[in-house]
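Novice: What follows is final.txt, made up of compact mmCIF, C-alpha atoms:
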```txt
# COMPACT_ATOMS: atom_id res chain seq x y z
CA MET A 1 41.81 50.41 -3.55
CA LEU A 2 41.66 47.50 -1.20
CA ARG A 3 40.20 49.66 1.53
CA LYS A 4 37.53 50.99 -0.86
CA GLY A 5 36.59 47.43 -1.83
CA LEU A 6 36.46 46.37 1.79
CA ALA A 7 34.30 49.35 2.69
CA ALA A 8 31.96 48.58 -0.19
CA GLY A 9 31.73 44.98 0.92
CA MET A 10 30.92 45.99 4.48
CA LEU A 11 28.21 48.34 3.20
CA VAL A 12 26.62 45.55 1.17
CA LEU A 13 26.77 43.22 4.20
CA LEU A 14 25.12 45.83 6.40
CA LEU A 15 22.38 46.38 3.83
CA LEU A 16 21.76 42.64 3.51
CA THR A 17 21.64 42.30 7.30
CA ALA A 18 19.19 45.17 7.56
CA CYS A 19 16.98 43.60 4.93
CA ALA A 20 17.16 40.17 6.53
CA ALA A 21 15.99 41.24 9.98
CA PRO A 22 12.44 42.22 8.99
CA MET A 23 12.25 39.08 6.82
CA LEU A 24 12.98 36.84 9.83
CA GLN A 25 10.35 38.72 11.78
CA GLU A 26 7.90 38.24 8.92
CA ASN A 27 8.71 34.52 8.75
CA SER A 28 7.76 34.17 12.40
CA ARG A 29 4.16 34.69 11.25
CA VAL A 30 4.47 31.96 8.61
CA VAL A 31 3.79 28.31 9.52
CA LEU A 32 5.52 25.90 7.13
CA LEU A 33 3.73 22.60 6.53
CA TRP A 34 5.37 19.73 4.61
CA TYR A 35 3.53 16.71 3.17
CA ASP A 36 4.16 13.79 0.80
CA VAL A 37 0.65 12.57 -0.08
CA HIS A 38 -1.32 12.72 -3.33
CA GLY A 39 -4.97 12.36 -4.31
CA PRO A 40 -7.84 13.16 -1.94
CA ARG A 41 -5.61 13.79 1.07
CA GLU A 42 -3.44 16.28 -0.79
CA ALA A 43 -6.55 18.06 -2.08
CA ALA A 44 -8.02 18.07 1.44
CA LEU A 45 -4.84 19.48 2.97
CA LEU A 46 -4.63 22.32 0.42
CA ARG A 47 -8.30 23.06 1.03
CA LEU A 48 -7.68 23.29 4.78
CA VAL A 49 -4.66 25.55 4.27
CA GLU A 50 -6.68 27.84 2.01
CA ALA A 51 -9.49 28.02 4.59
CA PHE A 52 -7.04 28.81 7.40
CA ASN A 53 -5.30 31.56 5.43
CA ALA A 54 -8.62 33.14 4.49
CA ALA A 55 -9.66 33.30 8.15
CA HIS A 56 -6.34 34.50 9.63
CA ASP A 57 -4.79 37.80 8.53
CA GLY A 58 -1.84 37.74 10.91
CA VAL A 59 -0.69 34.15 10.31
CA GLN A 60 -0.31 32.23 7.06
CA VAL A 61 0.28 28.52 6.49
CA ILE A 62 2.43 27.53 3.51
CA ALA A 63 2.08 23.90 2.36
CA GLU A 64 4.93 22.35 0.39
CA TYR A 65 5.22 18.88 -1.12
CA GLN A 66 8.47 17.05 -0.25
CA ASP A 67 9.91 13.75 -1.42
CA ASP A 68 11.56 11.65 1.30
CA LEU A 69 9.73 13.71 3.90
CA PHE A 70 11.20 12.19 7.06
CA ARG A 71 14.81 12.44 5.91
CA ARG A 72 14.40 16.02 4.74
CA THR A 73 12.76 17.00 8.02
CA THR A 74 15.27 15.37 10.32
CA MET A 75 18.31 16.45 8.28
CA ALA A 76 17.25 20.11 8.09
CA PRO A 77 19.09 22.35 10.59
CA GLU A 78 17.37 24.32 13.35
CA GLY A 79 15.33 27.20 11.96
CA HIS A 80 14.96 25.54 8.54
CA ARG A 81 12.70 22.67 9.47
CA PRO A 82 8.97 22.67 8.80
CA ASP A 83 6.68 23.57 11.68
CA LEU A 84 4.10 20.89 10.82
CA VAL A 85 4.35 17.59 8.92
CA LEU A 86 1.40 15.54 7.61
CA VAL A 87 1.75 11.85 8.48
CA GLY A 88 -0.22 8.65 8.02
CA THR A 89 -0.80 5.78 10.42
CA GLY A 90 2.12 5.39 12.77
CA GLY A 91 3.90 8.09 10.80
CA SER A 92 4.51 10.13 13.93
CA LEU A 93 6.65 7.39 15.48
CA PRO A 94 9.90 8.06 13.55
CA TYR A 95 9.68 11.74 14.48
CA VAL A 96 9.23 10.81 18.14
CA GLU A 97 12.24 8.54 18.00
CA ALA A 98 14.33 11.19 16.25
CA GLY A 99 13.41 13.74 18.90
CA VAL A 100 12.16 16.38 16.45
CA ASP A 101 8.51 16.45 17.45
CA ARG A 102 6.62 18.52 20.00
CA ALA A 103 3.31 17.14 21.30
CA PRO A 104 0.27 19.31 20.47
CA GLU A 105 -0.69 19.98 24.10
CA ARG A 106 2.79 21.38 24.77
CA VAL A 107 2.39 24.11 22.15
CA SER A 108 1.67 27.19 24.23
CA GLY A 109 -1.90 28.44 23.83
CA ALA A 110 -2.83 25.90 21.13
CA GLY A 111 -6.20 25.08 22.69
CA PHE A 112 -5.74 21.38 21.94
CA ASP A 113 -8.56 19.57 23.78
CA ALA A 114 -7.34 15.98 24.12
CA ASP A 115 -10.62 14.91 25.78
CA ALA A 116 -12.56 15.76 22.62
CA PHE A 117 -10.95 12.91 20.68
CA THR A 118 -12.07 9.30 20.46
CA PRO A 119 -10.20 6.27 21.83
CA MET A 120 -9.41 5.31 18.22
CA ALA A 121 -7.62 8.62 17.68
CA ALA A 122 -5.77 8.14 20.95
CA ALA A 123 -4.73 4.60 19.99
CA VAL A 124 -3.27 5.83 16.71
CA PHE A 125 -1.71 9.14 17.78
CA ARG A 126 -0.92 8.93 21.48
CA GLY A 127 2.31 7.66 22.99
CA ASP A 128 3.56 7.09 26.51
CA GLU A 129 4.30 10.78 27.05
CA GLY A 130 1.21 12.26 25.42
CA TRP A 131 -0.16 13.00 21.97
CA THR A 132 2.38 12.63 19.20
CA ALA A 133 0.29 14.28 16.48
CA ILE A 134 -2.90 16.23 15.87
CA PRO A 135 -5.52 13.73 14.59
CA LEU A 136 -7.21 14.80 11.36
CA GLY A 137 -9.07 11.66 10.28
CA LEU A 138 -9.50 7.95 10.98
CA ARG A 139 -9.88 4.91 8.75
CA THR A 140 -11.28 1.49 9.59
CA TYR A 141 -12.01 -1.60 7.53
CA ALA A 142 -15.24 -3.26 6.45
CA PHE A 143 -16.78 -5.39 3.70
CA TYR A 144 -18.47 -3.49 0.90
CA TYR A 145 -20.81 -5.65 -1.13
CA ASN A 146 -23.01 -5.54 -4.20
CA ALA A 147 -26.40 -6.13 -2.58
CA ASP A 148 -28.14 -6.72 -5.91
CA ARG A 149 -25.78 -9.53 -6.92
CA LEU A 150 -25.98 -11.26 -3.55
CA ARG A 151 -29.76 -11.01 -3.61
CA GLU A 152 -29.87 -12.56 -7.09
CA ALA A 153 -27.81 -15.45 -5.76
CA GLY A 154 -30.28 -15.96 -2.91
CA LEU A 155 -27.87 -14.77 -0.24
CA GLU A 156 -28.43 -12.31 2.57
CA ALA A 157 -25.99 -9.55 3.42
CA GLY A 158 -25.64 -10.83 6.97
CA GLN A 159 -23.96 -13.96 5.64
CA ILE A 160 -20.76 -12.03 4.97
CA ALA A 161 -20.64 -10.39 8.41
CA ASP A 162 -17.55 -12.34 9.46
CA ARG A 163 -14.66 -14.09 7.78
CA ALA A 164 -15.85 -17.69 8.16
CA SER A 165 -19.40 -17.10 6.89
CA MET A 166 -18.08 -14.76 4.19
CA GLN A 167 -15.90 -17.57 2.86
CA GLU A 168 -18.85 -19.98 2.87
CA THR A 169 -21.10 -17.40 1.21
CA LEU A 170 -18.80 -16.27 -1.59
CA CYS A 171 -17.58 -19.78 -2.37
CA SER A 172 -21.16 -21.05 -2.61
CA LEU A 173 -21.81 -18.87 -5.64
CA SER A 174 -21.76 -20.61 -8.98
CA ASP A 175 -19.21 -19.57 -11.59
CA ALA A 176 -21.90 -17.68 -13.45
CA GLU A 177 -23.02 -15.89 -10.29
CA LYS A 178 -19.62 -14.83 -9.06
CA GLY A 179 -18.19 -14.05 -12.48
CA SER A 180 -14.45 -13.57 -12.19
CA VAL A 181 -14.18 -13.42 -8.43
CA GLY A 182 -16.30 -13.26 -5.27
CA LEU A 183 -14.09 -11.06 -3.09
CA ALA A 184 -11.76 -8.29 -4.29
CA LEU A 185 -8.71 -7.81 -2.07
CA PRO A 186 -6.41 -4.82 -2.61
CA ALA A 187 -2.78 -5.71 -1.88
CA GLN A 188 -1.88 -3.10 0.70
CA ALA A 189 -0.52 -3.11 4.23
CA GLY A 190 -3.77 -1.85 5.74
CA LEU A 191 -5.69 -4.83 4.45
CA CYS A 192 -3.16 -7.21 5.98
CA LEU A 193 -3.30 -5.37 9.27
CA ALA A 194 -7.08 -5.59 9.34
CA TRP A 195 -7.13 -9.26 8.38
CA TRP A 196 -4.63 -10.45 10.96
CA ARG A 197 -5.81 -8.01 13.61
CA ALA A 198 -3.63 -8.25 16.71
CA GLY A 199 -1.26 -10.88 15.40
CA VAL A 200 -0.46 -13.48 12.80
CA ASP A 201 -2.15 -16.85 13.03
CA GLY A 202 -2.42 -19.89 10.85
CA GLU A 203 -6.23 -19.90 10.89
CA SER A 204 -6.46 -16.51 9.19
CA LEU A 205 -3.89 -17.56 6.62
CA ALA A 206 -5.80 -20.77 5.96
CA GLN A 207 -9.03 -18.85 5.36
CA LEU A 208 -7.29 -16.54 2.93
CA SER A 209 -5.65 -19.47 1.19
CA ALA A 210 -9.00 -21.22 0.77
CA LEU A 211 -10.53 -18.10 -0.78
CA PHE A 212 -7.71 -17.87 -3.30
CA THR A 213 -7.45 -21.56 -4.18
CA GLN A 214 -11.22 -22.00 -4.56
CA GLY A 215 -11.43 -19.02 -6.88
CA CYS A 216 -13.53 -17.04 -4.39
CA ALA A 217 -11.08 -14.13 -4.10
CA ARG A 218 -8.56 -12.25 -6.17
CA LEU A 219 -5.70 -10.00 -5.15
CA TYR A 220 -5.40 -6.65 -6.92
CA PRO A 221 -2.13 -4.67 -6.94
CA HIS A 222 -3.88 -1.34 -6.36
CA PRO A 223 -7.03 -0.43 -4.37
CA ALA A 224 -8.51 1.34 -7.41
CA GLU A 225 -8.42 -1.93 -9.36
CA ALA A 226 -10.27 -3.77 -6.60
CA ILE A 227 -12.87 -0.98 -6.50
CA ALA A 228 -13.30 -1.21 -10.28
CA ALA A 229 -13.91 -4.98 -9.97
CA LEU A 230 -16.72 -4.34 -7.48
CA VAL A 231 -18.32 -1.54 -9.49
CA GLN A 232 -18.11 -3.40 -12.79
CA GLY A 233 -19.80 -6.47 -11.31
CA GLU A 234 -16.71 -8.69 -11.38
CA ALA A 235 -16.64 -8.95 -7.57
CA ALA A 236 -19.47 -9.55 -5.12
CA ALA A 237 -17.64 -7.90 -2.20
CA LEU A 238 -14.66 -5.66 -1.49
CA TYR A 239 -12.57 -5.58 1.67
CA ALA A 240 -11.25 -2.05 2.12
CA SER A 241 -11.04 1.08 4.24
CA ASN A 242 -13.85 3.58 4.61
CA SER A 243 -11.60 6.12 2.87
CA ALA A 244 -12.33 4.18 -0.35
CA LEU A 245 -16.01 5.08 -0.11
CA PRO A 246 -15.85 8.40 -2.06
CA THR A 247 -14.01 6.61 -4.88
CA ILE A 248 -16.60 3.82 -4.94
CA GLU A 249 -19.52 6.25 -4.96
CA ALA A 250 -17.93 8.33 -7.72
CA ALA A 251 -17.31 5.21 -9.81
CA MET A 252 -20.87 4.00 -9.26
CA ASP A 253 -22.20 7.19 -10.81
CA ALA A 254 -20.55 6.29 -14.11
CA GLU A 255 -21.49 2.60 -14.14
CA GLU A 256 -24.62 0.51 -13.90
CA PRO A 257 -26.27 1.55 -10.61
CA PHE A 258 -26.42 -1.03 -7.85
CA GLU A 259 -27.22 -1.05 -4.17
CA LEU A 260 -24.04 -0.70 -2.14
CA GLY A 261 -23.92 -2.38 1.25
CA VAL A 262 -21.38 -2.23 4.07
CA VAL A 263 -20.85 -4.89 6.74
CA PRO A 264 -18.52 -4.12 9.67
CA LEU A 265 -15.97 -6.66 10.77
CA GLY A 266 -17.78 -8.93 13.21
CA GLY A 267 -21.02 -6.93 13.11
CA VAL A 268 -21.95 -3.82 15.12
CA GLU A 269 -23.74 -5.78 17.84
CA ALA A 270 -20.69 -7.87 18.71
CA LEU A 271 -17.83 -5.86 17.29
CA SER A 272 -14.66 -7.88 17.09
CA PRO A 273 -11.24 -6.20 17.31
CA THR A 274 -10.86 -3.78 14.41
CA VAL A 275 -7.70 -2.12 13.15
CA TRP A 276 -7.72 1.67 12.94
CA GLU A 277 -5.51 3.92 10.88
CA GLY A 278 -5.40 7.69 10.60
CA SER A 279 -4.01 10.95 9.25
CA GLY A 280 -2.46 13.55 11.52
CA LEU A 281 -0.11 16.51 11.83
CA VAL A 282 3.19 16.26 13.71
CA VAL A 283 4.40 19.45 15.39
CA VAL A 284 8.14 19.63 14.63
CA GLU A 285 10.82 21.15 16.84
CA GLY A 286 13.19 23.58 15.15
CA GLY A 287 10.81 25.37 12.80
CA ALA A 288 10.92 29.13 12.24
CA ALA A 289 7.34 30.00 13.20
CA SER A 290 6.78 31.88 16.44
CA GLU A 291 4.97 30.14 19.29
CA PRO A 292 1.79 32.26 18.87
CA SER A 293 1.70 31.58 15.11
CA LEU A 294 2.20 27.84 15.56
CA ALA A 295 -0.36 27.69 18.37
CA SER A 296 -2.89 29.46 16.14
CA ALA A 297 -2.43 26.86 13.39
CA VAL A 298 -2.47 23.88 15.78
CA GLY A 299 -5.65 25.10 17.44
CA TRP A 300 -7.39 25.58 14.12
CA PHE A 301 -6.42 22.19 12.63
CA ALA A 302 -7.59 20.44 15.81
CA ALA A 303 -10.96 22.22 15.81
CA ALA A 304 -14.23 20.81 14.51
CA GLU A 305 -14.37 23.08 11.44
CA ALA A 306 -11.06 21.88 10.00
CA GLU A 307 -11.70 18.22 10.77
CA ASN A 308 -15.16 18.38 9.22
CA LEU A 309 -13.59 19.75 6.03
CA TRP A 310 -11.02 16.94 6.10
CA GLN A 311 -13.70 14.28 6.51
CA GLU A 312 -15.79 15.66 3.64
CA ALA A 313 -12.84 15.67 1.26
CA THR A 314 -11.18 12.36 2.20
CA GLY A 315 -13.99 10.08 3.35
CA GLU A 316 -12.08 9.45 6.59
CA LEU A 317 -14.00 9.39 9.86
CA PRO A 318 -13.72 12.37 12.20
CA PRO A 319 -11.57 11.70 15.28
CA ARG A 320 -13.78 13.89 17.49
CA PHE A 321 -16.79 12.66 19.48
CA ASP A 322 -18.93 15.68 18.63
CA LEU A 323 -18.56 15.18 14.87
CA LEU A 324 -19.19 11.44 15.08
CA LYS A 325 -22.37 12.01 17.08
CA ALA A 326 -23.55 14.72 14.66
CA GLY A 327 -23.36 12.23 11.80
CA PRO A 328 -21.95 12.49 8.29
CA PRO A 329 -22.62 15.67 6.27
CA GLN A 330 -23.55 13.44 3.30
CA ALA A 331 -25.87 10.97 4.98
CA THR A 332 -25.69 8.03 2.57
CA PRO A 333 -26.48 4.64 4.17
CA ALA A 334 -22.85 3.51 3.86
CA ARG A 335 -21.51 6.65 5.52
CA GLN A 336 -24.06 6.41 8.31
CA LEU A 337 -23.03 2.81 8.97
CA PHE A 338 -19.36 3.77 9.23
CA TYR A 339 -20.23 6.41 11.82
CA ALA A 340 -22.23 3.79 13.74
CA ILE A 341 -19.24 1.42 13.63
CA ALA A 342 -16.98 4.13 15.01
CA LEU A 343 -19.35 5.09 17.82
CA GLU A 344 -19.79 1.45 18.80
CA ALA A 345 -16.04 0.92 18.81
CA ALA A 346 -15.56 4.03 20.95
CA ALA A 347 -17.55 2.36 23.71
CA SER A 348 -15.63 -0.93 23.52
CA ASP A 349 -12.14 -2.15 24.26
CA THR A 350 -11.63 -3.79 20.87
CA ILE A 351 -9.57 -1.04 19.21
CA ILE A 352 -6.26 -2.07 17.67
CA PRO A 353 -4.06 0.64 16.12
CA ALA A 354 -2.35 -0.13 12.84
CA ALA A 355 0.71 1.53 14.36
CA MET A 356 1.25 -1.57 16.51
CA LEU A 357 3.10 -2.94 13.46
CA ARG A 358 5.44 -0.01 13.46
CA SER A 359 8.26 -0.91 11.14
CA THR A 360 8.14 -0.68 7.38
CA GLU A 361 9.76 -4.12 7.24
CA GLU A 362 6.82 -5.70 9.09
CA GLN A 363 4.28 -4.11 6.77
CA ILE A 364 6.24 -5.24 3.72
CA ALA A 365 6.34 -8.78 5.14
CA LEU A 366 2.55 -8.81 5.54
CA VAL A 367 2.00 -7.71 1.97
CA ALA A 368 4.50 -10.30 0.76
CA ALA A 369 2.60 -13.01 2.69
CA LEU A 370 -0.68 -11.98 1.08
CA ARG A 371 0.88 -12.12 -2.38
CA ALA A 372 2.46 -15.51 -1.62
CA LEU A 373 -0.92 -16.96 -0.66
CA ALA A 374 -2.49 -15.56 -3.82
CA ASP A 375 0.31 -17.24 -5.83
CA GLY A 376 -0.59 -20.61 -4.27
CA GLN A 377 2.29 -21.08 -1.85
CA PRO A 378 1.49 -23.48 1.04
CA VAL A 379 0.07 -21.90 4.17
CA GLU A 380 2.71 -23.52 6.38
CA GLN A 381 5.55 -22.04 4.34
CA VAL A 382 3.93 -18.59 4.19
CA LEU A 383 3.37 -18.60 7.95
CA ALA A 384 6.97 -19.67 8.63
CA ASP A 385 8.35 -16.97 6.31
CA LEU A 386 6.10 -14.35 7.87
CA GLN A 387 7.02 -15.24 11.43
CA ALA A 388 10.71 -15.19 10.51
CA ALA A 389 10.35 -11.76 8.91
CA THR A 390 8.38 -10.22 11.80
CA SER A 391 10.11 -11.81 14.79
CA PRO A 392 12.19 -9.41 16.96
```
Could the structure of this file be written out as structure tokens, please?
Specialist:
Amino acid sequence: MLRKGLAAGMLVLLLLTACAAPMLQENSRVVLLWYDVHGPREAALLRLVEAFNAAHDGVQVIAEYQDDLFRRTTMAPEGHRPDLVLVGTGGSLPYVEAGVDRAPERVSGAGFDADAFTPMAAAVFRGDEGWTAIPLGLRTYAFYYNADRLREAGLEAGQIADRASMQETLCSLSDAEKGSVGLALPAQAGLCLAWWRAGVDGESLAQLSALFTQGCARLYPHPAEAIAALVQGEAAALYASNSALPTIEAAMDAEEPFELGVVPLGGVEALSPTVWEGSGLVVVEGGAASEPSLASAVGWFAAAEAENLWQEATGELPPRFDLLKAGPPQATPARQLFYAIALEAAASDTIIPAAMLRSTEEQIALVAALRALADGQPVEQVLADLQAATSP
């Protein structure tokens, strides 16, 4: 009886093994992509995956949402990791440090043309040993403004082209003219990075403090709230990323129309250092996809078609020179200006990657400093706390 049971067990094991072999072979033609984003970037990613799968019969990309993406990726054993992971600014760094990434140009036959990408993309997604991720899109910061309201107040758009004149302009509005607030500031790490640029200094903190204490600026917990303040006429200007532009334009359609303006940091003619962020795909070591399958996916995501789709859906700027020079598919004045800002920056040496503040602790400290200023804490104390939190 025991021998019969053992024989039956062996038969089942052999059948399972026989069934598993073709499945492993089939999986080699599947590229697994993990992500943890929501909103426009999630919709854009799923759109790209659908377009890839429709154009490739032999290879299929499967996109799966994962909580705690980095931990799940690094803890997964060989053969059970994803092949690609979607990351945000500086998001490729932990994977580099954990040794689970494989640079795009090292994927055999991927057709990754590093020379096609802009210096901004390189600043965000290139390390000492090469590219750490496939750039999908870039984000930079600027002042949006309600041109109609500024015009009614007798002010020209050029008066908010830099931080000092912006402060003078917005604080010169009367209470009736500026309503609740002159400048809407979303409380997010990207804003802090853009404001302080390459480092933390007391002058920048003092300017922010003056805007808050004089009632010329207000801090909003979420970017959508700051956008609503601009659209509803409660703010004369908004300091935000170009990826907010689709949301602003969509909101404007449902509200009282107004002329939207965009002023780059420092002006296009004399562009001052500007912080760049981005979205990209990390190629992960230890996935189950075959080299040809992975190379096919990498080559497609790095190509102009995929990155144009990403730009249309997210409002991010394309990381490729050819797409920047071709101009935005939806040629609104604001979108055209963002492309001009990017092209001007590509020819300068004033590019600062947001990834330079690499740790989560540093980004949290910047946001905490911004909130402390908005709550009226003294500049000296905020600066001391910030330097203590960000010092090595």
Novice: If you measure from atom CA of A:Val87 to atom CA of A:Leu281, what distance in Å do you get, rounded to one decimal?
Specialist: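 A separation of 6.0 Å between them.
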Novice: Could you please determine the separation between atom CA of A:Ala306 and atom CA of A:Gly130 in Å, to one decimal place?
Specialist: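 Going from atom CA of A:Ala306 over to atom CA of A:Gly130 covers 21.9 Å.
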Novice: Could you list as a ChimeraX atom specification every residue that has an atom within 10 Å of (8.3, 13.6, 1.2), using the file's coordinates and counting all atoms listed in the file?
Specialist: /A:34-37,64-73,85-87
Novice: Can you tell me how far atom CA of A:Ala123 sits from atom CA of A:Trp300, in Å to one decimal?
Specialist: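 Distance reported for this atom pair: 21.9 Å.
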Novice: Would you pick out the contacts of stretch 378-381 of chain A at 8 Å or less, using all atoms listed in the file, so that residues sharing its chain but fewer than 4 positions from it are not included, and give the list as a PyMOL selection string?
Specialist: chain A and resi 202+205-206+209+373+385
Novice: Which residue is closest to A:Tyr95? Choose from A:Ala133, A:Ala51, A:Ala295, A:Ala121 and count all atoms listed in the file.
Specialist: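 Using all atoms listed in the file, the shortest distance to A:Tyr95 belongs to A:Ala133.
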Novice: Select, from A:Ala365, A:Ala184, A:Met120, A:Ala250, the residue with the minimum atom-to-atom distance to A:Glu277, counting only C-alpha atoms.
Specialist: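 Of A:Ala365, A:Ala184, A:Met120, A:Ala250, the one nearest A:Glu277 is A:Met120, counting only C-alpha atoms.
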Novice: Restricting the calculation to all atoms listed in the file: of A:Leu324, A:Leu370, A:Leu33, A:Ile364, which residue gets closest to A:Ala116?
Specialist: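 Answer, going by the shortest atom-to-atom distance: A:Leu324.
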Novice: Could you give me, as a ChimeraX atom specification, the residues within 9 Å of A:Gly278, counting all atoms listed in the file and dropping anything in the same chain fewer than 6 positions from it?
Specialist: /A:87-90,120-121,124-125,135-140,316-317,319,354
Novice: Find, counting all atoms listed in the file, the residue in A:Cys192, A:Ala297, A:Thr314, A:Val282 that gets nearest to A:His38.
Specialist: A:Thr314
Novice: With all atoms listed in the file as the basis for distance, which of A:Ala389, A:Leu260, A:Cys171, A:Leu32 is at the shortest distance from A:Thr360?
Specialist: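 Among the listed residues, A:Ala389 lies closest to A:Thr360.
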